[in-house]
>>> print(open('upload38.cif').read())   # mmCIF, C-alpha atoms
data_upload
#
loop_
_atom_site.label_atom_id
_atom_site.label_comp_id
_atom_site.auth_asym_id
_atom_site.auth_seq_id
_atom_site.Cartn_x
_atom_site.Cartn_y
_atom_site.Cartn_z
CA MET A 1 99.18 -82.50 44.91
CA LYS A 2 98.98 -86.13 43.67
CA LYS A 3 100.92 -87.26 46.78
CA ILE A 4 98.39 -85.54 49.09
CA PHE A 5 95.44 -87.31 47.41
CA SER A 6 97.30 -90.64 47.58
CA LEU A 7 97.90 -90.25 51.33
CA ILE A 8 94.22 -89.53 51.95
CA ILE A 9 93.10 -92.57 49.96
CA LEU A 10 95.70 -94.79 51.74
CA ALA A 11 94.59 -93.58 55.16
CA SER A 12 90.99 -94.40 54.32
CA ILE A 13 91.92 -97.92 53.17
CA LEU A 14 93.97 -98.60 56.33
CA ALA A 15 91.16 -97.35 58.53
CA ALA A 16 88.71 -99.60 56.76
CA CYS A 17 90.96 -102.64 57.07
CA SER A 18 91.81 -102.15 60.77
CA GLY A 19 89.68 -103.44 63.60
CA GLU A 20 86.66 -105.57 63.39
CA LYS A 21 84.49 -105.70 60.33
CA LYS A 22 81.77 -103.08 60.66
CA GLN A 23 78.15 -103.60 59.75
CA SER A 24 76.94 -101.94 56.60
CA VAL A 25 74.46 -99.04 56.84
CA GLU A 26 71.75 -101.30 55.42
CA GLU A 27 72.42 -103.88 58.09
CA LEU A 28 72.32 -101.26 60.85
CA VAL A 29 69.02 -99.85 59.57
CA ALA A 30 67.55 -103.37 59.43
CA SER A 31 68.68 -104.07 63.00
CA ASN A 32 66.50 -101.28 64.45
CA ASN A 33 69.26 -100.71 67.06
CA ALA A 34 68.95 -96.99 67.84
CA GLU A 35 72.21 -96.81 69.79
CA ALA A 36 74.26 -98.47 67.03
CA ILE A 37 72.62 -96.34 64.32
CA GLN A 38 73.34 -93.10 66.25
CA LYS A 39 76.94 -94.14 66.83
CA ARG A 40 77.52 -94.84 63.13
CA LYS A 41 75.90 -91.48 62.19
CA ASP A 42 78.23 -89.62 64.58
CA GLU A 43 81.23 -91.38 63.07
CA LEU A 44 80.20 -90.44 59.54
CA VAL A 45 79.63 -86.80 60.53
CA ASP A 46 83.12 -86.63 62.06
CA GLU A 47 84.61 -88.13 58.90
CA GLN A 48 82.70 -85.63 56.75
CA GLN A 49 83.97 -82.66 58.78
CA ALA A 50 87.53 -83.94 58.63
CA LEU A 51 87.31 -84.35 54.85
CA ALA A 52 85.87 -80.82 54.49
CA VAL A 53 88.87 -79.37 56.36
CA GLN A 54 91.29 -81.32 54.17
CA ILE A 55 89.52 -80.23 50.97
CA LYS A 56 89.68 -76.59 52.09
CA GLN A 57 93.41 -76.88 52.71
CA LEU A 58 93.89 -78.38 49.26
CA ASP A 59 91.83 -75.58 47.64
CA GLU A 60 93.86 -72.88 49.39
CA LYS A 61 97.06 -74.45 48.22
CA LEU A 62 95.80 -74.78 44.64
CA GLN A 63 94.69 -71.16 44.67
CA SER A 64 98.15 -70.00 45.69
CA ILE A 65 100.00 -72.05 43.10
CA SER A 66 97.36 -71.73 40.27
CA PRO A 67 95.38 -68.44 40.63
CA ASP A 68 93.63 -68.82 37.24
CA ARG A 69 92.11 -72.16 38.08
CA ASN A 70 88.62 -70.80 39.02
CA VAL A 71 88.49 -67.95 36.50
CA PRO A 72 85.52 -68.55 34.12
CA LEU A 73 86.34 -68.95 30.45
CA ILE A 74 84.15 -66.90 28.12
CA THR A 75 83.82 -65.78 24.53
CA THR A 76 82.61 -62.34 23.47
CA PHE A 77 81.30 -60.47 20.45
CA LYS A 78 81.03 -56.78 19.69
CA ALA A 79 77.58 -55.23 19.46
CA GLU A 80 77.22 -53.49 16.12
CA THR A 81 74.30 -51.58 14.63
CA GLU A 82 72.67 -53.13 11.58
CA GLU A 83 69.40 -53.12 9.69
CA PHE A 84 66.69 -55.17 11.36
CA VAL A 85 63.68 -56.20 9.28
CA HIS A 86 60.97 -57.95 11.28
CA TYR A 87 58.32 -60.13 9.66
CA LEU A 88 54.96 -61.25 10.94
CA GLU A 89 54.61 -64.89 9.88
CA LEU A 90 51.11 -66.21 9.24
CA GLN A 91 49.23 -68.86 7.30
CA GLY A 92 46.41 -68.27 4.85
CA SER A 93 44.47 -69.95 2.08
CA VAL A 94 43.93 -68.97 -1.54
CA GLU A 95 40.49 -67.79 -2.56
CA THR A 96 38.80 -66.31 -5.62
CA LYS A 97 35.64 -64.26 -5.83
CA GLN A 98 34.86 -65.89 -9.20
CA ASN A 99 34.30 -69.46 -8.06
CA ILE A 100 30.63 -70.43 -8.12
CA VAL A 101 28.30 -73.39 -8.56
CA ILE A 102 25.79 -72.40 -11.23
CA THR A 103 22.10 -73.16 -10.65
CA PRO A 104 19.16 -72.54 -13.05
CA GLU A 105 16.72 -69.65 -12.76
CA SER A 106 13.71 -71.72 -13.82
CA ASN A 107 12.21 -75.14 -13.19
CA GLY A 108 12.22 -77.80 -15.89
CA ILE A 109 14.01 -80.65 -17.59
CA ILE A 110 17.62 -80.11 -18.67
CA THR A 111 17.41 -80.51 -22.46
CA ARG A 112 21.00 -79.75 -23.39
CA ILE A 113 24.44 -79.22 -21.82
CA TYR A 114 26.78 -77.40 -24.18
CA VAL A 115 30.09 -77.55 -22.24
CA LYS A 116 32.42 -80.12 -20.74
CA GLU A 117 34.87 -80.16 -17.86
CA GLY A 118 38.06 -78.15 -18.45
CA GLN A 119 36.49 -76.04 -21.19
CA LYS A 120 37.21 -72.31 -21.23
CA VAL A 121 34.16 -70.11 -21.64
CA GLY A 122 33.59 -66.38 -21.99
CA LYS A 123 31.08 -64.20 -20.21
CA GLY A 124 27.58 -64.83 -21.64
CA HIS A 125 28.56 -68.20 -23.16
CA LEU A 126 25.57 -70.62 -23.39
CA LEU A 127 26.16 -73.44 -20.90
CA ALA A 128 22.85 -75.35 -20.77
CA SER A 129 19.18 -75.20 -21.78
CA ILE A 130 16.10 -75.91 -19.68
CA ASP A 131 12.77 -77.05 -21.20
CA ASP A 132 10.49 -73.99 -21.44
CA GLY A 133 7.27 -75.86 -20.64
CA GLY A 134 5.35 -74.53 -23.67
CA LEU A 135 6.39 -70.89 -23.37
CA SER A 136 7.70 -70.86 -26.96
CA GLN A 137 4.27 -71.87 -28.25
CA GLN A 138 2.60 -69.15 -26.19
CA LYS A 139 5.07 -66.65 -27.58
CA ALA A 140 4.30 -67.75 -31.19
CA GLN A 141 0.57 -67.26 -30.61
CA LEU A 142 1.12 -63.85 -29.06
CA GLU A 143 3.34 -62.80 -31.96
CA ILE A 144 0.51 -63.66 -34.43
CA GLN A 145 -1.92 -61.64 -32.35
CA ALA A 146 0.59 -58.81 -32.12
CA ASP A 147 1.03 -58.69 -35.90
CA LEU A 148 -2.73 -58.35 -36.36
CA ALA A 149 -2.93 -55.76 -33.58
CA LYS A 150 -0.10 -53.82 -35.20
CA THR A 151 -1.87 -53.70 -38.56
CA THR A 152 -5.13 -52.62 -36.92
CA PHE A 153 -3.38 -49.94 -34.91
CA GLU A 154 -1.52 -48.56 -37.94
CA ARG A 155 -4.79 -48.31 -39.90
CA GLN A 156 -6.64 -46.65 -37.05
CA LYS A 157 -3.73 -44.23 -36.64
CA ARG A 158 -3.87 -43.21 -40.34
CA LEU A 159 -7.64 -42.66 -40.11
CA TRP A 160 -7.28 -40.70 -36.89
CA ASP A 161 -4.57 -38.55 -38.42
CA GLN A 162 -7.11 -37.72 -41.19
CA LYS A 163 -9.76 -36.96 -38.57
CA ILE A 164 -11.73 -40.03 -39.62
CA GLY A 165 -13.25 -42.36 -37.06
CA SER A 166 -13.52 -42.01 -33.31
CA GLU A 167 -10.69 -41.44 -30.83
CA ILE A 168 -11.83 -44.37 -28.74
CA GLN A 169 -11.26 -46.81 -31.62
CA TYR A 170 -7.74 -45.42 -32.10
CA LEU A 171 -6.92 -45.71 -28.38
CA GLN A 172 -8.30 -49.26 -28.14
CA ALA A 173 -6.17 -50.39 -31.09
CA LYS A 174 -3.08 -48.75 -29.59
CA SER A 175 -3.69 -50.25 -26.17
CA GLN A 176 -4.19 -53.76 -27.53
CA TYR A 177 -1.01 -53.58 -29.62
CA GLU A 178 1.14 -52.23 -26.76
CA GLY A 179 -0.29 -54.81 -24.35
CA LEU A 180 0.66 -57.67 -26.66
CA GLN A 181 4.17 -56.19 -27.05
CA LYS A 182 4.64 -56.18 -23.26
CA SER A 183 3.33 -59.76 -23.01
CA ILE A 184 5.87 -60.90 -25.62
CA ALA A 185 8.67 -59.06 -23.81
CA GLN A 186 7.69 -60.76 -20.55
CA ILE A 187 7.71 -64.21 -22.18
CA ASN A 188 11.11 -63.43 -23.73
CA GLN A 189 12.41 -62.61 -20.25
CA GLN A 190 11.06 -65.90 -18.92
CA LEU A 191 12.50 -67.82 -21.88
CA GLY A 192 15.89 -66.18 -21.20
CA LYS A 193 15.94 -67.89 -17.83
CA ASN A 194 15.75 -71.25 -19.58
CA SER A 195 19.12 -70.56 -21.17
CA VAL A 196 21.93 -70.88 -18.60
CA ARG A 197 24.81 -68.54 -19.47
CA ALA A 198 28.25 -67.92 -17.93
CA PRO A 199 28.18 -64.90 -15.57
CA PHE A 200 31.91 -64.35 -16.10
CA SER A 201 34.81 -65.78 -18.11
CA GLY A 202 36.51 -68.85 -16.69
CA VAL A 203 36.92 -72.62 -16.84
CA ILE A 204 34.24 -75.27 -16.31
CA ASP A 205 35.76 -77.11 -13.38
CA ASP A 206 33.00 -79.68 -12.90
CA VAL A 207 29.77 -80.64 -14.72
CA ILE A 208 27.56 -81.83 -11.89
CA THR A 209 24.30 -82.81 -13.61
CA GLU A 210 23.25 -84.60 -16.81
CA GLU A 211 20.83 -84.00 -19.66
CA GLY A 212 17.32 -85.24 -18.89
CA ASN A 213 17.45 -84.46 -15.17
CA VAL A 214 14.83 -82.23 -13.61
CA ALA A 215 16.21 -78.90 -12.39
CA ALA A 216 14.76 -76.77 -9.60
CA ALA A 217 15.26 -73.02 -9.78
CA GLY A 218 18.06 -71.84 -7.48
CA GLN A 219 18.58 -75.33 -6.01
CA THR A 220 19.88 -77.87 -8.51
CA PRO A 221 23.66 -77.51 -9.07
CA LEU A 222 24.51 -77.68 -12.77
CA MET A 223 28.26 -76.99 -12.96
CA ARG A 224 31.14 -75.18 -11.25
CA LEU A 225 32.73 -72.20 -13.00
CA VAL A 226 36.12 -70.94 -11.80
CA ASN A 227 38.24 -68.00 -12.89
CA LEU A 228 41.87 -68.34 -11.74
CA SER A 229 43.03 -64.95 -12.98
CA ASP A 230 41.82 -62.96 -9.95
CA MET A 231 43.19 -64.90 -6.99
CA TYR A 232 43.88 -63.60 -3.50
CA ILE A 233 44.87 -64.85 -0.04
CA LYS A 234 42.71 -64.05 2.94
CA THR A 235 44.07 -64.24 6.48
CA ASP A 236 43.36 -62.91 9.98
CA ILE A 237 45.71 -60.38 11.58
CA PRO A 238 45.81 -59.77 15.39
CA GLU A 239 44.45 -56.33 16.28
CA SER A 240 47.79 -55.33 17.84
CA TYR A 241 49.17 -55.00 14.30
CA ILE A 242 46.41 -52.67 13.07
CA THR A 243 48.82 -49.72 12.71
CA SER A 244 51.70 -51.65 11.14
CA ILE A 245 49.87 -54.00 8.74
CA THR A 246 48.35 -51.61 6.21
CA LYS A 247 47.30 -51.53 2.58
CA GLY A 248 50.27 -51.66 0.20
CA LYS A 249 52.63 -53.53 2.59
CA THR A 250 54.97 -55.98 0.87
CA VAL A 251 54.26 -59.66 1.52
CA GLU A 252 56.42 -62.71 0.77
CA VAL A 253 54.10 -65.59 -0.17
CA THR A 254 55.26 -69.21 -0.16
CA PHE A 255 53.26 -72.19 -1.39
CA PRO A 256 54.89 -75.26 0.24
CA VAL A 257 53.07 -77.76 -1.98
CA LEU A 258 54.19 -76.04 -5.18
CA GLY A 259 57.68 -75.13 -3.90
CA LYS A 260 56.95 -71.63 -5.16
CA THR A 261 57.64 -68.21 -3.58
CA LEU A 262 56.47 -64.84 -4.88
CA THR A 263 56.24 -61.24 -3.71
CA SER A 264 52.92 -59.45 -3.50
CA GLN A 265 51.16 -56.65 -1.62
CA ILE A 266 48.22 -56.21 0.71
CA ARG A 267 45.41 -54.92 -1.49
CA GLN A 268 42.73 -54.54 1.17
CA THR A 269 42.46 -54.44 4.97
CA GLY A 270 39.28 -55.01 6.91
CA ASN A 271 37.54 -52.23 8.82
CA PHE A 272 35.98 -54.55 11.37
CA ILE A 273 37.58 -56.19 14.43
CA ASN A 274 36.18 -59.67 15.03
CA PRO A 275 35.13 -59.68 18.74
CA ALA A 276 35.50 -63.46 18.94
CA ASN A 277 39.26 -63.57 18.24
CA ARG A 278 40.24 -59.86 18.11
CA THR A 279 41.48 -59.99 14.52
CA PHE A 280 40.84 -58.17 11.26
CA ASP A 281 40.94 -59.50 7.69
CA VAL A 282 43.44 -58.68 4.97
CA GLU A 283 43.48 -59.63 1.29
CA ILE A 284 46.72 -60.22 -0.59
CA ALA A 285 46.65 -60.26 -4.37
CA VAL A 286 48.17 -63.38 -5.98
CA PRO A 287 49.30 -63.26 -9.62
CA ASN A 288 48.51 -66.55 -11.34
CA LYS A 289 49.66 -66.33 -14.95
CA ASP A 290 50.41 -70.05 -15.30
CA GLY A 291 47.23 -71.18 -13.48
CA SER A 292 49.15 -73.34 -11.00
CA ILE A 293 47.62 -71.68 -7.93
CA LYS A 294 44.24 -73.15 -7.02
CA PRO A 295 41.49 -72.09 -4.59
CA ASN A 296 41.95 -73.31 -0.98
CA LEU A 297 45.71 -73.84 -1.51
CA THR A 298 47.65 -73.27 1.73
CA ALA A 299 50.13 -70.38 1.76
CA ARG A 300 52.73 -69.12 4.26
CA LEU A 301 52.97 -65.36 4.58
CA LYS A 302 55.79 -63.09 5.76
CA ILE A 303 54.63 -59.49 6.19
CA ASN A 304 57.19 -56.79 6.97
CA ASP A 305 55.63 -55.01 9.97
CA TYR A 306 58.73 -53.31 11.43
CA THR A 307 62.12 -52.03 10.22
CA ASN A 308 64.99 -50.47 12.21
CA ASP A 309 67.98 -49.23 10.21
CA LYS A 310 70.23 -49.03 13.30
CA ALA A 311 69.33 -51.96 15.49
CA ILE A 312 71.51 -53.92 17.91
CA LEU A 313 70.79 -57.64 17.76
CA ILE A 314 71.95 -60.23 20.27
CA PRO A 315 71.26 -63.97 20.77
CA GLN A 316 68.28 -64.65 23.02
CA SER A 317 70.23 -67.43 24.75
CA ILE A 318 72.56 -64.98 26.59
CA ILE A 319 69.73 -63.05 28.31
CA SER A 320 68.87 -63.76 31.96
CA GLU A 321 66.19 -62.35 34.24
CA ASN A 322 66.45 -61.16 37.84
CA ALA A 323 63.94 -61.40 40.67
CA ASP A 324 62.33 -58.11 39.64
CA GLY A 325 61.62 -59.44 36.15
CA GLU A 326 64.33 -57.28 34.54
CA GLN A 327 66.37 -58.70 31.69
CA TYR A 328 70.14 -58.47 31.85
CA ILE A 329 73.29 -59.52 30.02
CA TYR A 330 77.01 -59.32 30.80
CA THR A 331 79.54 -57.06 29.14
CA ILE A 332 83.25 -56.85 29.94
CA THR A 333 85.26 -53.89 31.19
CA ASP A 334 88.87 -53.23 32.21
CA ARG A 335 90.17 -55.65 29.65
CA ASN A 336 93.88 -56.44 29.84
CA GLU A 337 94.88 -58.87 27.09
CA ASP A 338 92.74 -61.95 27.83
CA LYS A 339 91.63 -60.87 31.33
CA ALA A 340 88.61 -58.65 31.99
CA THR A 341 85.86 -57.90 34.48
CA ALA A 342 82.25 -59.02 33.91
CA LYS A 343 79.62 -56.29 34.26
CA GLN A 344 75.90 -56.93 34.57
CA VAL A 345 73.81 -54.61 32.36
CA ILE A 346 70.01 -54.24 32.52
CA ILE A 347 68.49 -54.09 29.03
CA LYS A 348 65.12 -53.66 27.37
CA THR A 349 64.32 -55.79 24.35
CA GLY A 350 62.00 -55.48 21.37
CA LYS A 351 61.01 -57.82 18.58
CA THR A 352 62.58 -61.17 17.82
CA GLN A 353 63.55 -62.79 14.55
CA GLY A 354 64.70 -66.41 14.74
CA ASP A 355 67.32 -66.73 17.51
CA LEU A 356 68.04 -62.99 17.64
CA ILE A 357 66.34 -60.22 19.60
CA GLU A 358 66.49 -56.46 19.26
CA VAL A 359 67.97 -54.45 22.17
CA LEU A 360 66.09 -51.17 22.64
CA SER A 361 68.14 -49.76 25.53
CA GLY A 362 70.97 -50.62 27.92
CA ILE A 363 73.86 -51.04 25.51
CA GLU A 364 75.35 -49.15 22.60
CA GLY A 365 77.36 -50.16 19.57
CA ASN A 366 80.94 -51.46 19.91
CA VAL A 367 80.33 -52.81 23.43
CA GLU A 368 81.90 -56.24 24.03
CA ILE A 369 79.24 -58.69 25.20
CA VAL A 370 79.73 -62.06 26.88
CA GLN A 371 78.35 -64.89 24.76
CA GLU A 372 79.56 -68.39 25.71
CA GLY A 373 79.66 -68.60 29.49
CA ALA A 374 77.14 -65.79 29.93
CA ARG A 375 75.07 -67.80 32.43
CA SER A 376 78.02 -68.89 34.59
CA VAL A 377 79.64 -65.52 35.39
CA LYS A 378 78.78 -63.01 38.11
CA ASP A 379 78.81 -59.23 38.26
CA GLY A 380 82.32 -57.94 38.98
CA GLN A 381 83.94 -61.35 38.48
CA THR A 382 87.27 -61.69 36.74
CA VAL A 383 86.93 -63.63 33.50
CA LYS A 384 89.26 -64.96 30.83
CA VAL A 385 88.39 -64.22 27.20
CA ILE A 386 89.44 -67.15 25.06
CA ASN A 387 87.91 -66.10 21.76
CA SER A 388 86.49 -62.75 20.69
CA LYS A 389 83.73 -62.85 18.12
CA ASN A 390 82.28 -60.26 15.81
CA SER A 391 78.53 -59.80 15.84
CA ASN A 392 78.34 -61.19 12.29
CA ASP A 393 79.46 -64.58 13.65
CA GLN A 394 76.53 -64.95 15.97
#
>>> encode(input="upload38.cif", output="C-alpha cells")
Amino acid sequence: MKKIFSLIILASILAACSGEKKQSVEELVASNNAEAIQKRKDELVDEQQALAVQIKQLDEKLQSISPDRNVPLITTFKAETEEFVHYLELQGSVETKQNIVITPESNGIITRIYVKEGQKVGKGHLLASIDDGGLSQQKAQLEIQADLAKTTFERQKRLWDQKIGSEIQYLQAKSQYEGLQKSIAQINQQLGKNSVRAPFSGVIDDVITEEGNVAAAGQTPLMRLVNLSDMYIKTDIPESYITSITKGKTVEVTFPVLGKTLTSQIRQTGNFINPANRTFDVEIAVPNKDGSIKPNLTARLKINDYTNDKAILIPQSIISENADGEQYIYTITDRNEDKATAKQVIIKTGKTQGDLIEVLSGIEGNVEIVQEGARSVKDGQTVKVINSKNSNDQ
C-alpha cells in the first residue's frame, strides 16, 4: 500500500517538473484570459477524476485485505430498572409574618423609649411612651367628680330603697355617676394608646426614632420588631405542577450563604393562579432554633414532584431525532463476541435529572444500548463493541 502511494506522489512530482513552467491559478485569474482559464480548469477536472478512480481502487483493495477497517467502534451499557426521584428546583426567599415596623396610635412627643436594639421583649412589653397632651389631668378631675357622684348615688339609692325621696332624684344621681365612669373609661382607652407595647414576642431589630421627637399616629416609625421563630419560605410554582406539588411534600432547602441544608415540608399551597405568570404560591416552614436564618435570605429548593420505582435512565447525549420529530437511540442485536448489528429504536422520554433522562417506552430492561459512537452508526450497520458498560457507570 505504501508503494502505491509513493508511485502516485512521484508521478505528480515528475508531471510538475516536466515541460514549461505553468502559471499559477492566481496569475491566470489576474490575466483575464478566458481561454487559458478554461484550459486550466479542464486540466484540473481531468486530474480530479483520475485521482478519484485511483482512490476507489485503493479503497477496494483495502476492503479486501482489511474488512474491519470501516466498522464503527462503539461502547455499550445495559439498561437496568432503578428508582428515579425527580426534583423541581426553584429559588425562594425567607419571610416571617412577625416582622413589623411599629408606629404609634396617637399624636404627641415621644417622652421615653424603654428598649434598645437587640433586646428581647415579650408580648405586651412597654416599648415607648407618648406625651398624653393633658389627658392625665382630665382623668384626675373626672375621678374627683366620679367619687362625689358615687357618694351621691349611693345615698340616693339608700333613700330610694326606703321609699324616701323622689325617683327622679335617684335616676339623676345614677345617670351622672355612670356617665362619669364611661368618661373615665374612654380617657383610659385614649391614654393606653400613648403607651406603645409589643404586639408579639421578638427582638428589637432597629430603634428608628429618638426621645423628644414628635410622633404622628400611624405614620412615624418607632422601631422594628422581628420574631425569628416562625420563619417560612415563599416561592412561585408553575401551574403545571398543581397536582404534584401539594401540602406535606418533602422539600430540601439549601442556604448558599450559610452553607446550610435542611429538610422541611410544604405547609400551605395557594388556591389562586396568578394570571400574569400562571403560578401559585407555596409556603415552606423553616425551623430556626439557632436564629441564623434571617428574613429575605435567599434559599434554593428541591421539591420531590415525581418518583418511579422502576425507571430506565439513559444519558441525554445518546438521543437523536428524526425528520418526524421522533426521538431514537441505537441498541445492538445479533452479537457475536465483539461484533454486533446496530438497531435504531424509537423511544418516548419523560423527566430529566442532570444528564440523565427517563425512558417511558421503546426499550425494556437488560437491553444493550450504544453509548460512545451512538451518533456515528446507522441502522443495520455492523459495529464492533470495544467496551461494554453497566448502566451504573453512566
>>> residues_around(input="upload38.cif", residues="A:Asn274", least_positions_apart="3", cutoff="12 Å", atoms="only C-alpha atoms", output="JSON, numbers by chain")
{"A": [236, 237, 238, 239, 270, 271, 277, 278, 279, 280, 281]}
>>> residues_around(input="upload38.cif", residues="A:Gln176", least_positions_apart="3", cutoff="12 Å", atoms="all atoms listed in the file", output="CSV table (one decimal) with C-alpha atoms, in the frame of the given file")
chain,number,residue,atom,x,y,z
A,142,LEU,CA,1.1,-63.8,-29.1
A,145,GLN,CA,-1.9,-61.6,-32.4
A,146,ALA,CA,0.6,-58.8,-32.1
A,147,ASP,CA,1.0,-58.7,-35.9
A,148,LEU,CA,-2.7,-58.4,-36.4
A,149,ALA,CA,-2.9,-55.8,-33.6
A,150,LYS,CA,-0.1,-53.8,-35.2
A,151,THR,CA,-1.9,-53.7,-38.6
A,152,THR,CA,-5.1,-52.6,-36.9
A,153,PHE,CA,-3.4,-49.9,-34.9
A,154,GLU,CA,-1.5,-48.6,-37.9
A,169,GLN,CA,-11.3,-46.8,-31.6
A,170,TYR,CA,-7.7,-45.4,-32.1
A,171,LEU,CA,-6.9,-45.7,-28.4
A,172,GLN,CA,-8.3,-49.3,-28.1
A,173,ALA,CA,-6.2,-50.4,-31.1
A,179,GLY,CA,-0.3,-54.8,-24.4
A,180,LEU,CA,0.7,-57.7,-26.7
A,181,GLN,CA,4.2,-56.2,-27.0
A,182,LYS,CA,4.6,-56.2,-23.3
A,183,SER,CA,3.3,-59.8,-23.0
>>> atom_distance(input="upload38.cif", atom1="atom CA of A:Ser317", atom2="atom CA of A:Val370")
11.1 Å
>>> resolve_selection(input="upload38.cif", expression="the PyMOL selection byres ((chain A and resi 223) around 7)", output="JSON, numbers by chain")
{"A": [101, 102, 206, 207, 208, 221, 222, 224, 225]}
>>> resolve_selection(input="upload38.cif", expression="the PyMOL selection byres ((chain A and resi 335-352) around 8)", output="ChimeraX atom specification")
/A:86,326-334,353-363,377-386
>>> closest_residue(input="upload38.cif", among="A:Lys302, A:Arg375, A:Gln138, A:Lys294", to="A:Thr261", atoms="all atoms listed in the file")
A:Lys302
>>> residues_around(input="upload38.cif", residues="A:Thr250", least_positions_apart="4", cutoff="10 Å", atoms="all atoms listed in the file", output="list in words")
Ile245, Thr246, Thr263, Ser264, Gln265, Ile266, Arg267, Ile284, Lys302, Ile303, Asn304 and Asp305 of chain A
>>> write_last_selection(input="upload38.cif", atoms="C-alpha atoms", output="CSV table (one decimal), in the coordinates of the input")
chain,number,residue,atom,x,y,z
A,245,ILE,CA,49.9,-54.0,8.7
A,246,THR,CA,48.4,-51.6,6.2
A,263,THR,CA,56.2,-61.2,-3.7
A,264,SER,CA,52.9,-59.4,-3.5
A,265,GLN,CA,51.2,-56.6,-1.6
A,266,ILE,CA,48.2,-56.2,0.7
A,267,ARG,CA,45.4,-54.9,-1.5
A,284,ILE,CA,46.7,-60.2,-0.6
A,302,LYS,CA,55.8,-63.1,5.8
A,303,ILE,CA,54.6,-59.5,6.2
A,304,ASN,CA,57.2,-56.8,7.0
A,305,ASP,CA,55.6,-55.0,10.0
